[in-house]
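Peer 1: Sharing target09.txt, compact mmCIF, C-alpha atoms and all ligand atoms:
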# COMPACT_ATOMS: atom_id res chain seq x y z
CA MET X 8 0.00 0.00 0.00
CA MET X 9 1.25 3.51 -0.82
CA ASP X 10 -0.08 5.82 1.84
CA ASN X 11 1.97 8.92 1.22
CA ILE X 12 1.25 9.50 -2.47
CA ALA X 13 -2.07 10.72 -3.84
CA LYS X 14 -3.60 8.46 -6.43
CA PRO X 15 -3.77 10.26 -9.77
CA GLU X 16 -7.11 10.96 -11.34
CA LEU X 17 -7.94 8.83 -14.37
CA LEU X 18 -9.65 11.02 -16.95
CA ALA X 19 -11.45 9.47 -19.91
CA PRO X 20 -12.95 10.78 -23.14
CA ALA X 21 -16.73 10.82 -23.42
CA GLY X 22 -17.73 11.26 -27.06
CA ASP X 23 -21.36 10.50 -26.23
CA PHE X 24 -23.49 9.42 -23.31
CA GLU X 25 -22.91 5.72 -23.81
CA LYS X 26 -19.13 6.22 -23.82
CA LEU X 27 -19.42 8.37 -20.73
CA ARG X 28 -21.33 5.64 -18.90
CA ALA X 29 -18.86 2.98 -20.05
CA ALA X 30 -15.86 5.07 -18.99
CA LEU X 31 -17.33 5.53 -15.53
CA SER X 32 -18.40 1.91 -15.30
CA PHE X 33 -14.84 0.78 -16.04
CA GLY X 34 -13.39 3.10 -13.42
CA ALA X 35 -12.67 6.57 -14.78
CA ASP X 36 -12.59 9.17 -12.00
CA ALA X 37 -13.67 11.88 -14.39
CA VAL X 38 -14.66 12.37 -18.03
CA TYR X 39 -14.21 15.20 -20.47
CA LEU X 40 -16.70 16.00 -23.16
CA GLY X 41 -17.49 18.64 -25.72
CA GLY X 42 -20.48 20.90 -25.89
CA ALA X 43 -22.30 21.21 -29.19
CA GLU X 44 -20.06 24.20 -29.92
CA TYR X 45 -16.56 25.39 -29.06
CA SER X 46 -14.97 21.98 -28.60
CA LEU X 47 -12.04 20.60 -30.58
CA ARG X 48 -13.92 17.48 -31.67
CA SER X 49 -16.80 18.87 -33.65
CA LYS X 50 -17.25 15.54 -35.45
CA ALA X 51 -17.87 13.70 -32.18
CA LYS X 52 -21.53 13.52 -31.26
CA ASN X 53 -20.97 15.91 -28.38
CA PHE X 54 -23.51 17.14 -25.85
CA ASP X 55 -26.07 19.93 -25.94
CA ALA X 56 -26.91 21.79 -22.72
CA GLU X 57 -29.49 19.18 -21.76
CA GLY X 58 -26.99 16.42 -22.55
CA ILE X 59 -24.33 18.06 -20.36
CA ASN X 60 -26.91 18.32 -17.58
CA GLN X 61 -27.67 14.66 -17.90
CA ALA X 62 -23.96 13.76 -18.02
CA VAL X 63 -23.14 15.80 -14.92
CA GLU X 64 -26.08 14.40 -12.99
CA TYR X 65 -25.10 10.86 -13.92
CA ALA X 66 -21.40 11.31 -13.09
CA HIS X 67 -22.06 13.16 -9.85
CA GLY X 68 -24.44 10.37 -8.85
CA LEU X 69 -21.40 8.10 -8.95
CA GLY X 70 -19.15 10.64 -7.21
CA ARG X 71 -17.20 11.38 -10.41
CA LYS X 72 -16.47 14.59 -12.31
CA VAL X 73 -17.22 16.10 -15.71
CA TYR X 74 -15.01 18.60 -17.52
CA VAL X 75 -16.31 20.41 -20.59
CA THR X 76 -14.04 21.43 -23.45
CA VAL X 77 -14.33 24.98 -24.74
CA ASN X 78 -10.91 24.77 -26.29
CA ILE X 79 -11.22 26.26 -29.74
CA TYR X 80 -8.98 29.13 -30.70
CA ALA X 81 -11.79 31.62 -30.89
CA ARG X 82 -12.37 34.22 -33.56
CA ASN X 83 -14.15 37.45 -32.72
CA GLU X 84 -17.51 36.19 -33.90
CA ASP X 85 -17.32 33.16 -31.60
CA PHE X 86 -17.85 35.36 -28.56
CA LYS X 87 -21.30 36.46 -29.69
CA ARG X 88 -22.94 33.26 -28.48
CA MET X 89 -20.33 32.04 -26.04
CA TYR X 90 -21.72 34.17 -23.23
CA ASP X 91 -25.03 32.28 -23.30
CA PHE X 92 -23.25 28.97 -23.64
CA LEU X 93 -21.14 29.61 -20.55
CA ILE X 94 -24.11 30.71 -18.46
CA LYS X 95 -25.92 27.51 -19.42
CA LEU X 96 -22.80 25.52 -18.69
CA GLN X 97 -22.57 26.91 -15.19
CA CYS X 98 -26.16 25.82 -14.57
CA THR X 99 -25.26 22.23 -15.41
CA GLY X 100 -22.91 21.98 -12.44
CA ALA X 101 -19.97 20.84 -14.60
CA ASP X 102 -16.77 20.60 -12.59
CA ALA X 103 -14.46 22.54 -14.90
CA VAL X 104 -14.07 24.00 -18.36
CA ILE X 105 -11.05 23.21 -20.48
CA VAL X 106 -9.86 26.24 -22.45
CA SER X 107 -6.95 27.13 -24.69
CA ASP X 108 -7.56 30.68 -25.73
CA PRO X 109 -6.78 33.56 -23.33
CA GLY X 110 -9.86 35.33 -24.68
CA VAL X 111 -12.07 32.42 -23.71
CA PHE X 112 -10.23 32.17 -20.38
CA SER X 113 -10.97 35.82 -19.61
CA LEU X 114 -14.61 35.45 -20.58
CA VAL X 115 -15.05 32.45 -18.28
CA LYS X 116 -13.40 34.39 -15.45
CA GLU X 117 -15.67 37.34 -16.10
CA ILE X 118 -19.04 35.68 -16.32
CA ILE X 119 -18.72 32.42 -14.38
CA PRO X 120 -15.86 33.22 -11.97
CA ASP X 121 -16.54 30.24 -9.71
CA MET X 122 -16.03 27.72 -12.50
CA ALA X 123 -12.73 25.83 -12.31
CA ILE X 124 -10.59 26.29 -15.42
CA HIS X 125 -8.23 23.73 -16.87
CA ILE X 126 -5.77 24.95 -19.49
CA SER X 127 -5.92 22.69 -22.54
CA THR X 128 -2.90 20.93 -23.98
CA GLN X 129 -3.63 23.02 -27.06
CA ALA X 130 -2.38 26.05 -25.10
CA ASN X 131 1.05 24.46 -25.36
CA THR X 132 2.33 24.80 -21.79
CA THR X 133 5.93 23.61 -21.94
CA ASN X 134 7.62 25.36 -19.00
CA TYR X 135 7.22 26.22 -15.32
CA ARG X 136 6.82 29.95 -15.90
CA ALA X 137 3.88 29.33 -18.21
CA ALA X 138 2.35 26.94 -15.65
CA ALA X 139 2.87 29.51 -12.87
CA PHE X 140 1.41 32.20 -15.12
CA TRP X 141 -1.79 30.21 -15.56
CA ALA X 142 -1.94 29.44 -11.83
CA LYS X 143 -1.63 33.14 -11.00
CA ALA X 144 -4.29 33.98 -13.56
CA GLY X 145 -6.64 31.61 -11.75
CA ALA X 146 -6.38 28.27 -13.55
CA LYS X 147 -6.82 25.21 -11.38
CA ARG X 148 -5.05 22.82 -13.68
CA VAL X 149 -2.76 22.80 -16.70
CA VAL X 150 -2.89 20.01 -19.25
CA LEU X 151 0.73 19.86 -20.27
CA ALA X 152 1.91 19.95 -23.86
CA ARG X 153 2.65 16.48 -25.14
CA GLU X 154 6.13 17.55 -26.17
CA LEU X 155 7.58 17.20 -22.66
CA PRO X 156 9.96 14.58 -21.29
CA ALA X 157 9.60 13.29 -17.74
CA ALA X 158 12.47 15.42 -16.37
CA GLU X 159 10.91 18.67 -17.59
CA ILE X 160 7.51 17.72 -16.16
CA THR X 161 9.22 17.16 -12.81
CA GLU X 162 10.82 20.62 -12.99
CA ILE X 163 7.46 22.20 -13.79
CA SER X 164 5.68 20.47 -10.93
CA ARG X 165 8.40 21.55 -8.46
CA ALA X 166 8.56 25.14 -9.67
CA ALA X 167 4.82 25.66 -10.13
CA PRO X 168 3.21 23.78 -7.23
CA ALA X 169 0.13 26.01 -7.20
CA VAL X 170 -1.37 24.34 -10.25
CA GLU X 171 -2.40 20.74 -10.86
CA LEU X 172 -0.71 19.02 -13.79
CA GLU X 173 -2.53 16.75 -16.20
CA ALA X 174 -0.82 14.76 -18.95
CA PHE X 175 -1.98 12.63 -21.82
CA VAL X 176 -0.96 9.03 -21.20
CA HIS X 177 -2.69 7.23 -24.03
CA GLY X 178 -4.10 7.76 -27.51
CA ALA X 179 -3.51 9.32 -30.89
CA MET X 180 -0.77 11.92 -31.30
CA CYS X 181 -0.67 14.92 -33.60
CA MET X 182 2.49 15.34 -35.59
CA ALA X 183 1.93 19.10 -35.22
CA TYR X 184 3.25 20.96 -32.18
CA SER X 185 0.56 20.67 -29.51
CA GLY X 186 -1.95 20.03 -32.25
CA ARG X 187 -1.65 23.56 -33.59
CA CYS X 188 -1.87 22.72 -37.21
CA LEU X 189 -3.06 24.28 -40.45
CA LEU X 190 -2.78 21.17 -42.57
CA SER X 191 -6.43 20.22 -42.41
CA HIS X 192 -7.65 23.76 -43.06
CA TYR X 193 -5.29 24.11 -46.00
CA MET X 194 -6.18 20.80 -47.59
CA THR X 195 -9.87 20.40 -46.80
CA GLY X 196 -11.11 23.74 -45.47
CA ARG X 197 -11.73 22.10 -42.11
CA ASP X 198 -9.88 23.96 -39.37
CA ALA X 199 -8.27 21.75 -36.72
CA ASN X 200 -8.07 24.72 -34.39
CA ARG X 201 -11.84 24.99 -34.46
CA GLY X 202 -12.52 21.32 -33.93
CA GLU X 203 -12.89 20.18 -37.52
CA CYS X 204 -9.68 18.29 -38.27
CA ALA X 205 -9.94 15.90 -41.24
CA HIS X 206 -6.70 14.16 -40.15
CA PRO X 207 -4.70 14.65 -43.36
CA CYS X 208 -1.56 13.70 -41.44
CA ARG X 209 -2.87 10.14 -41.77
CA TYR X 210 -3.16 10.27 -45.58
CA ASN X 211 -0.92 8.45 -48.06
CA TYR X 212 1.14 10.98 -50.05
CA VAL X 213 2.59 10.76 -53.58
CA LEU X 214 4.99 12.86 -55.63
CA MET X 215 3.92 14.80 -58.75
CA GLU X 216 6.17 16.74 -61.11
CA GLU X 217 4.51 20.11 -61.76
CA THR X 218 4.38 19.90 -65.57
CA ARG X 219 2.80 16.44 -65.52
CA PRO X 220 -0.41 16.93 -63.54
CA GLY X 221 -2.12 13.70 -62.69
CA GLU X 222 1.03 11.61 -63.03
CA TYR X 223 1.71 10.40 -59.58
CA TYR X 224 5.04 8.95 -58.57
CA PRO X 225 4.74 6.81 -55.53
CA ILE X 226 7.13 7.73 -52.76
CA GLU X 227 7.33 4.42 -51.09
CA GLU X 228 8.80 3.94 -47.70
CA ASP X 229 7.69 0.42 -48.34
CA SER X 230 5.06 -1.26 -50.49
CA ARG X 231 2.27 0.23 -48.37
CA GLY X 232 2.98 3.82 -49.37
CA ALA X 233 4.27 6.98 -47.73
CA TYR X 234 2.48 8.01 -44.60
CA VAL X 235 5.09 10.63 -43.88
CA MET X 236 3.25 12.42 -41.08
CA ASN X 237 1.51 9.53 -39.37
CA SER X 238 2.49 9.31 -35.72
CA LYS X 239 2.26 6.19 -33.63
CA ASP X 240 -0.17 6.27 -30.72
CA LEU X 241 0.98 7.27 -27.27
CA CYS X 242 1.01 4.58 -24.60
CA LEU X 243 2.52 5.24 -21.16
CA ILE X 244 1.02 2.36 -19.22
CA GLU X 245 4.51 1.05 -18.51
CA TYR X 246 5.45 4.40 -16.94
CA ILE X 247 2.87 4.83 -14.20
CA PRO X 248 5.48 5.25 -11.41
CA GLN X 249 7.52 7.74 -13.44
CA LEU X 250 4.39 9.76 -14.27
CA ILE X 251 3.46 9.94 -10.59
CA GLU X 252 7.00 10.82 -9.55
CA SER X 253 7.11 13.59 -12.14
CA GLY X 254 4.19 15.32 -10.44
CA VAL X 255 1.37 14.49 -12.85
CA SER X 256 -1.85 14.24 -10.85
CA CYS X 257 -4.24 13.45 -13.69
CA PHE X 258 -3.75 10.82 -16.40
CA LYS X 259 -5.71 11.61 -19.52
CA ILE X 260 -6.79 9.16 -22.21
CA GLU X 261 -7.37 10.58 -25.68
CA GLY X 262 -10.17 9.44 -27.97
CA ARG X 263 -13.60 11.07 -27.95
CA MET X 264 -14.07 9.82 -31.53
CA LYS X 265 -13.15 6.22 -30.70
CA SER X 266 -15.65 3.43 -30.01
CA VAL X 267 -17.30 2.67 -26.70
CA TYR X 268 -15.27 -0.54 -26.67
CA TYR X 269 -12.03 1.43 -26.98
CA THR X 270 -13.10 3.73 -24.15
CA ALA X 271 -14.01 0.83 -21.88
CA ALA X 272 -10.87 -1.19 -22.60
CA ALA X 273 -8.41 1.70 -22.31
CA VAL X 274 -9.97 2.89 -19.05
CA ASN X 275 -10.00 -0.66 -17.74
CA ALA X 276 -6.30 -1.17 -18.49
CA TYR X 277 -5.20 2.09 -16.85
CA ARG X 278 -7.58 1.59 -13.89
CA CYS X 279 -6.05 -1.82 -13.22
CA ALA X 280 -2.51 -0.51 -13.66
CA ILE X 281 -2.98 2.45 -11.30
CA ASP X 282 -4.82 0.41 -8.66
CA ASP X 283 -2.30 -2.42 -8.83
CA TYR X 284 0.55 0.03 -8.43
CA PHE X 285 -1.04 1.60 -5.38
CA ASN X 286 -1.81 -1.80 -3.87
CA ASP X 287 1.66 -3.12 -4.50
CA PRO X 288 4.24 -1.81 -6.98
CA LYS X 289 5.46 -5.39 -7.49
CA LEU X 290 1.99 -6.41 -8.61
CA TYR X 291 2.04 -3.58 -11.15
CA GLU X 292 5.46 -4.67 -12.42
CA SER X 293 4.36 -8.26 -12.81
CA ASN X 294 1.17 -7.29 -14.65
CA LYS X 295 2.70 -4.82 -17.12
CA ALA X 296 2.60 -7.27 -20.00
CA ALA X 297 -1.06 -7.98 -19.31
CA TYR X 298 -2.02 -4.29 -19.36
CA LEU X 299 -0.18 -3.82 -22.63
CA SER X 300 -1.77 -6.82 -24.24
CA GLU X 301 -5.19 -5.45 -23.23
CA LEU X 302 -4.39 -2.23 -25.04
CA PHE X 303 -3.19 -4.14 -28.09
CA LEU X 304 -6.69 -5.61 -28.32
CA THR X 305 -8.19 -2.19 -29.02
CA THR X 306 -7.97 -0.38 -32.35
CA HIS X 307 -4.62 1.40 -32.34
CA ARG X 308 -1.60 2.31 -34.36
CA ASP X 309 1.72 1.00 -33.09
CA PHE X 310 2.52 2.40 -29.68
CA THR X 311 5.18 4.92 -28.72
CA THR X 312 6.14 6.55 -25.44
CA GLY X 313 6.38 9.82 -27.38
CA PHE X 314 8.30 12.68 -25.80
CA PHE X 315 7.94 11.35 -22.26
CA THR X 316 10.95 9.09 -22.61
CA ASP X 317 12.79 10.60 -25.54
CA SER X 318 12.61 12.95 -28.48
CA PRO X 319 10.63 11.40 -31.30
CA ASN X 320 12.61 9.87 -34.13
CA GLU X 321 11.86 7.68 -37.10
CA LEU X 322 10.63 4.98 -34.71
CA THR X 323 7.73 7.14 -33.55
CA GLN X 324 6.27 7.25 -37.04
CA ILE X 325 4.33 4.46 -38.68
CA TYR X 326 4.71 3.97 -42.35
CA ASP X 327 1.39 2.53 -43.30
CA GLY X 328 -2.10 3.86 -42.83
CA VAL X 329 -3.32 0.94 -40.88
CA ALA X 330 -4.75 1.06 -37.42
CA GLU X 331 -4.80 -2.47 -36.04
CA SER X 332 -6.89 -4.27 -33.50
CA GLY X 333 -6.37 -7.59 -31.75
CA SER X 334 -10.08 -8.11 -31.31
CA ASP X 335 -13.52 -7.49 -32.75
CA PHE X 336 -16.15 -5.60 -30.82
CA CYS X 337 -19.17 -7.92 -30.84
CA GLY X 338 -21.61 -6.35 -28.41
CA ILE X 339 -22.35 -4.43 -25.26
CA VAL X 340 -24.32 -5.75 -22.30
CA LYS X 341 -27.66 -4.09 -21.74
CA SER X 342 -28.88 -6.21 -18.84
CA TYR X 343 -28.15 -9.40 -16.95
CA ASP X 344 -30.37 -11.68 -14.87
CA SER X 345 -28.32 -13.14 -12.04
CA ASP X 346 -30.77 -16.03 -11.46
CA SER X 347 -30.96 -17.33 -15.02
CA HIS X 348 -27.72 -15.77 -16.37
CA TRP X 349 -29.65 -14.64 -19.44
CA THR X 350 -27.96 -11.56 -20.76
CA ILE X 351 -29.30 -9.00 -23.20
CA VAL X 352 -26.56 -7.85 -25.53
CA GLU X 353 -26.74 -5.17 -28.20
CA GLN X 354 -24.84 -6.52 -31.18
CA ARG X 355 -22.04 -4.31 -32.53
CA GLY X 356 -20.26 -6.89 -34.69
CA LYS X 357 -21.43 -10.19 -36.08
CA PHE X 358 -21.10 -13.32 -33.97
CA SER X 359 -22.64 -16.77 -34.28
CA VAL X 360 -23.55 -19.83 -32.27
CA GLY X 361 -20.36 -21.80 -31.67
CA ASP X 362 -18.07 -18.76 -31.52
CA GLU X 363 -15.67 -18.40 -28.62
CA LEU X 364 -16.15 -14.87 -27.30
CA GLU X 365 -14.92 -12.99 -24.27
CA PHE X 366 -16.64 -10.70 -21.81
CA LEU X 367 -14.56 -7.71 -20.74
CA THR X 368 -16.01 -6.94 -17.33
CA ALA X 369 -15.74 -3.89 -15.14
CA ASP X 370 -16.08 -5.98 -12.00
CA GLY X 371 -13.01 -8.16 -12.36
CA PRO X 372 -11.11 -10.29 -14.81
CA GLY X 373 -12.95 -11.03 -18.01
CA PHE X 374 -13.75 -14.54 -19.17
CA ARG X 375 -14.15 -16.44 -22.38
CA GLN X 376 -16.97 -18.77 -23.30
CA ILE X 377 -18.52 -20.53 -26.24
CA ILE X 378 -21.79 -19.01 -27.38
CA ASN X 379 -24.12 -22.00 -27.30
CA GLU X 380 -27.35 -20.27 -28.19
CA ILE X 381 -28.62 -16.93 -29.38
CA PHE X 382 -32.22 -15.72 -29.25
CA ASP X 383 -33.89 -12.57 -30.36
CA LEU X 384 -36.16 -10.76 -27.91
CA ASN X 385 -39.17 -12.73 -29.19
CA ASN X 386 -37.35 -15.92 -28.15
CA ALA X 387 -36.74 -16.99 -31.74
CA PRO X 388 -33.49 -18.97 -31.94
CA LEU X 389 -30.85 -17.52 -34.25
CA GLN X 390 -27.62 -18.83 -35.70
CA SER X 391 -26.33 -15.27 -35.79
CA ALA X 392 -28.00 -11.89 -35.69
CA PRO X 393 -28.96 -10.37 -39.03
CA HIS X 394 -29.31 -6.75 -37.92
CA PRO X 395 -26.67 -4.36 -36.60
CA ARG X 396 -27.43 -3.18 -33.09
CA GLN X 397 -30.01 -5.93 -32.70
CA LEU X 398 -30.82 -6.85 -29.11
CA LEU X 399 -30.00 -10.49 -28.47
CA ARG X 400 -30.32 -12.89 -25.58
CA ILE X 401 -27.38 -15.11 -24.72
CA ARG X 402 -26.37 -16.85 -21.53
CA ALA X 403 -23.24 -15.57 -19.77
CA VAL X 404 -21.48 -18.28 -17.79
CA ARG X 405 -20.38 -15.81 -15.11
CA PRO X 406 -21.92 -12.60 -13.79
CA VAL X 407 -21.71 -9.56 -16.03
CA ARG X 408 -23.28 -6.14 -15.76
CA GLU X 409 -24.68 -3.43 -17.97
CA LEU X 410 -22.01 -1.85 -20.22
CA ASP X 411 -19.65 -4.82 -20.05
CA ILE X 412 -18.18 -5.62 -23.46
CA LEU X 413 -18.47 -8.75 -25.57
CA ARG X 414 -15.53 -9.25 -27.93
CA ARG X 415 -13.76 -11.80 -30.07
CA ARG X 416 -9.99 -12.14 -29.82
CA LEU X 417 -8.45 -12.37 -33.25
CA PRO X 418 -6.13 -15.33 -33.85
CA ALA X 419 -2.87 -13.46 -33.12
CA ALA X 420 -4.26 -12.37 -29.75
CA CYS X 421 -5.78 -15.62 -28.62
CA ASN X 422 -3.49 -16.39 -25.70
S1 LIG O 1 -3.97 17.02 -39.34
FE1 LIG O 1 -3.02 15.59 -37.94
S2 LIG O 1 -1.43 16.81 -36.96
FE2 LIG O 1 -2.84 18.27 -37.87
S3 LIG O 1 -4.30 18.70 -36.21
FE3 LIG O 1 -5.17 17.04 -37.44
S4 LIG O 1 -4.54 15.17 -36.33
FE4 LIG O 1 -3.21 16.86 -35.62
Can the structure in the file be given as structure tokens, please?
Peer 2:
Amino acid sequence: MMDNIAKPELLAPAGDFEKLRAALSFGADAVYLGGAEYSLRSKAKNFDAEGINQAVEYAHGLGRKVYVTVNIYARNEDFKRMYDFLIKLQCTGADAVIVSDPGVFSLVKEIIPDMAIHISTQANTTNYRAAAFWAKAGAKRVVLARELPAAEITEISRAAPAVELEAFVHGAMCMAYSGRCLLSHYMTGRDANRGECAHPCRYNYVLMEETRPGEYYPIEEDSRGAYVMNSKDLCLIEYIPQLIESGVSCFKIEGRMKSVYYTAAAVNAYRCAIDDYFNDPKLYESNKAAYLSELFLTTHRDFTTGFFTDSPNELTQIYDGVAESGSDFCGIVKSYDSDSHWTIVEQRGKFSVGDELEFLTADGPGFRQIINEIFDLNNAPLQSAPHPRQLLRIRAVRPVRELDILRRRLPAACN
């Protein structure tokens, strides 16, 4: 047991209400979400004022927190409606707003002064003076720039103790400095700094000589093409002690656009890792491979430890466009009857009678089982379900609960 160190907060993305519930079910201490406007993930479903109300009520009912992103780099016209938005936001009881822009910061201070403010990673805080500046200005927390190694984070936490430090520990990385990037706006008209990134850093690029339009010369790093700006995904699950020692008090998982399965599995892995470490650091050490293999089951690009351990080099890039997964997302539990073990599952990927599937459970280690029978809700037996998102009845051999995940390990991940 580690009595003298505070357990870091585990903060998860909530792209919609289902993901929010799954994140909290699998052990997130807090979630962050975007309002219908002013968030940097405008393509996520996001939450209107009523949705934020509902989210806050639900999370607070479980003793957890909700932070709302208002982290666009605002243009003058954005302030016309932001006043109303912030007043409504205050009424929801949200625990903090996440902002990047000093203009937005000052507006929050002016009209909802009691609201806690977290400074977004997009604000690019890379030194202790900047952290102390934000603390003095009234920020409660700074989400550090991703470009920082452990030693510099430690210096910041020692020199700016008045502000909490949050760091991304897992998820997709921008190749642009703190995500401040014009590529998407230039290529597609969708401005990443206003939440509309089309992710052109993930595209496959070719070479064209200017007098021969339409003649494309492949620039092949290998036979899969030239994904010259495609970063690996961040994964710091093997660095929990170092993150804590460096002064980070909140571990943030990226991915509001990812699936509910991704949210559940990533939160589950980090929850287990943090709790194991605080129960017994040796337990954490011995389980590191298991946490990592859990994360390999989710959809991801190859993993990197990013700037935390080193400066990025050619090994932090991936040279194909492929995001891989070690498993298929088959369904999500809607309800479970503990007497009969009948379980209602909403199908998310096809599965059939005879398949060996696995429940990922929030209440303990998951388990695998053969699916012996499938029924629809009218009790008609099925070999497999014909409709996406169809509600199905199967029998779980051990207890499960609402929002647990049903998945199929792919052959390479079957151990
Ligand atoms: S294009 Fe890529 S690097 Fe630029 S903001 Fe979008 S995700 Fe980040």
Peer 1: Set out as a tab-separated table a contact list for chain X and ligand LIG 1 (chain O) with a cut-off of 6 Å, giving each residue of chain X that qualifies its closest atom pair and distance in Å to one decimal, counting all atoms listed in the file, ordered by chain and rising residue number.
Peer 2:
residue	atom	partner	partner_atom	distance
X:Cys181	CA	O:LIG1	FE4	3.8
X:Met182	CA	O:LIG1	S2	4.4
X:Ala183	CA	O:LIG1	S2	4.4
X:Gly186	CA	O:LIG1	S3	4.8
X:Cys188	CA	O:LIG1	FE2	4.6
X:Leu190	CA	O:LIG1	S1	5.4
X:Ser191	CA	O:LIG1	S1	5.1
X:Ala199	CA	O:LIG1	S3	5.0
X:Cys204	CA	O:LIG1	FE3	4.8
X:His206	CA	O:LIG1	S1	4.0
X:Pro207	CA	O:LIG1	S1	4.7
X:Cys208	CA	O:LIG1	FE1	4.2
Peer 1: Keeping C-alpha atoms, export the residues of the selection given above as an mmCIF file, keeping the file's coordinate frame.
Peer 2:
data_model
loop_
_atom_site.group_PDB
_atom_site.id
_atom_site.type_symbol
_atom_site.label_atom_id
_atom_site.label_comp_id
_atom_site.auth_asym_id
_atom_site.auth_seq_id
_atom_site.Cartn_x
_atom_site.Cartn_y
_atom_site.Cartn_z
ATOM 1 C CA CYS X 181 -0.670 14.920 -33.600
ATOM 2 C CA MET X 182 2.490 15.340 -35.590
ATOM 3 C CA ALA X 183 1.930 19.100 -35.220
ATOM 4 C CA GLY X 186 -1.950 20.030 -32.250
ATOM 5 C CA CYS X 188 -1.870 22.720 -37.210
ATOM 6 C CA LEU X 190 -2.780 21.170 -42.570
ATOM 7 C CA SER X 191 -6.430 20.220 -42.410
ATOM 8 C CA ALA X 199 -8.270 21.750 -36.720
ATOM 9 C CA CYS X 204 -9.680 18.290 -38.270
ATOM 10 C CA HIS X 206 -6.700 14.160 -40.150
ATOM 11 C CA PRO X 207 -4.700 14.650 -43.360
ATOM 12 C CA CYS X 208 -1.560 13.700 -41.440
#
Peer 1: Restrict the calculation to only C-alpha atoms, then for each residue of stretch 319-390 of chain X with any atom at most 12 Å from an atom of stretch 294-301 of chain X give the closest atom pair and their distance in Å to one decimal, rows by chain and rising residue number, as CSV.
Peer 2:
residue,atom,partner,partner_atom,distance
X:Ser332,CA,X:Glu301,CA,10.5
X:Gly333,CA,X:Ser300,CA,8.8
X:Ser334,CA,X:Glu301,CA,9.8
X:Leu367,CA,X:Glu301,CA,10.0
X:Pro372,CA,X:Ala297,CA,11.3
X:Gly373,CA,X:Glu301,CA,10.9
Peer 1: Under the rule that all atoms listed in the file are counted, which of X:Asn78, X:Thr350, X:Asn131, X:Asn200 is the nearest residue to X:Leu413?
Peer 2: X:Thr350
Peer 1: Measuring atom to atom with all atoms listed in the file, identify which of X:Thr76, X:Asn60, X:Ser113, X:Asn11 is nearest to X:Thr99.
Peer 2: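 The answer is X:Asn60, which sits nearest to X:Thr99.
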Peer 1: Counting all atoms listed in the file, which residues of stretch 272-341 of chain X sit at most 12 Å from some atom of stretch 136-152 of chain X, and what is each one's closest atom pair with its distance in Å to one decimal, listed by chain and rising residue number, as a tab-separated table?
Peer 2:
residue	atom	partner	partner_atom	distance
X:Gly313	CA	X:Ala152	CA	11.6
X:Phe314	CA	X:Ala152	CA	9.9
X:Phe315	CA	X:Ala152	CA	10.6
Peer 1: Neighbours of X:Phe258 within 9 Å (only C-alpha atoms; same-chain residues fewer than 3 positions away dropped), as a list of chain:residue names?
Peer 2: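 Contacts, with the query itself left out: X:Pro15, X:Glu16, X:Leu17, X:Leu18, X:Ala19, X:Glu173, X:Ala174, X:Phe175, X:Val176, X:His177, X:Leu250, X:Val255, X:Tyr277.
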Peer 1: Leaving out X:Asp283 and any residue of its chain fewer than 5 positions from it, which residues lie within 10 Å of it when counting only C-alpha atoms, given as a PDB file with C-alpha atoms, in the frame of the given file?
Peer 2:
ATOM      1  CA  MET X   8       0.000   0.000   0.000  1.00  0.00           C
ATOM      2  CA  TYR X 277      -5.200   2.090 -16.850  1.00  0.00           C
ATOM      3  CA  ARG X 278      -7.580   1.590 -13.890  1.00  0.00           C
ATOM      4  CA  PRO X 288       4.240  -1.810  -6.980  1.00  0.00           C
ATOM      5  CA  LYS X 289       5.460  -5.390  -7.490  1.00  0.00           C
ATOM      6  CA  LEU X 290       1.990  -6.410  -8.610  1.00  0.00           C
ATOM      7  CA  TYR X 291       2.040  -3.580 -11.150  1.00  0.00           C
ATOM      8  CA  GLU X 292       5.460  -4.670 -12.420  1.00  0.00           C
ATOM      9  CA  SER X 293       4.360  -8.260 -12.810  1.00  0.00           C
ATOM     10  CA  ASN X 294       1.170  -7.290 -14.650  1.00  0.00           C
ATOM     11  CA  LYS X 295       2.700  -4.820 -17.120  1.00  0.00           C
TER      12      LYS X 295
END
Peer 1: When you look at X:Glu57 with a cut-off of 12 Å (counting all atoms listed in the file), what residues show up, excluding the ones that are within fewer than 5 positions of it in the same chain? I need them as a VMD selection string.
Peer 2: chain X and resid 24 42 to 43 62 to 64 92 95 to 96 98 to 100
Peer 1: Using atom CA of X:Asn83 and atom CA of X:Ala130 as the two end points, give the distance in Å to one decimal.
Peer 2: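 Going from atom CA of X:Asn83 over to atom CA of X:Ala130, I get 18.1 Å.
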Peer 1: One decimal, Å: what's the distance from atom CA of X:Arg201 over to atom CA of X:Glu44, could you say?
Peer 2: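 Going from atom CA of X:Arg201 over to atom CA of X:Glu44 covers 9.4 Å.
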Peer 1: Which residue, X:Pro156, X:Pro248, X:Pro393, X:Gly178, has the smallest gap to X:Val274 when you use all atoms listed in the file?
Peer 2: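 Among X:Pro156, X:Pro248, X:Pro393, X:Gly178, it is X:Gly178 that comes nearest to X:Val274.
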Peer 1: To one decimal place in Å, what is the distance between atom CA of X:Leu398 and atom CA of X:Asn385?
Peer 2: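 Atom CA of X:Asn385 lies 10.2 Å from atom CA of X:Leu398.
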Peer 1: Counting all atoms listed in the file, which residue out of X:Thr132, X:Asp317, X:Cys279, X:Ile226 sits closest to X:Ala167?
Peer 2: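 Answer, going by the shortest atom-to-atom distance: X:Thr132.
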Peer 1: Measuring between all atoms listed in the file, which one of X:Lys265, X:Arg71, X:Arg197, X:Arg219 shows the shortest distance to X:Gly22?
Peer 2: X:Lys265
Peer 1: What does stretch 158-162 of chain X look like written to a file with C-alpha atoms, as a compact mmCIF listing (two decimals), in the first residue's frame?
Peer 2:
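Now in part-v2.txt:
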# COMPACT_ATOMS: atom_id res chain seq x y z
CA ALA X 158 12.47 15.42 -16.37
CA GLU X 159 10.91 18.67 -17.59
CA ILE X 160 7.51 17.72 -16.16
CA THR X 161 9.22 17.16 -12.81
CA GLU X 162 10.82 20.62 -12.99
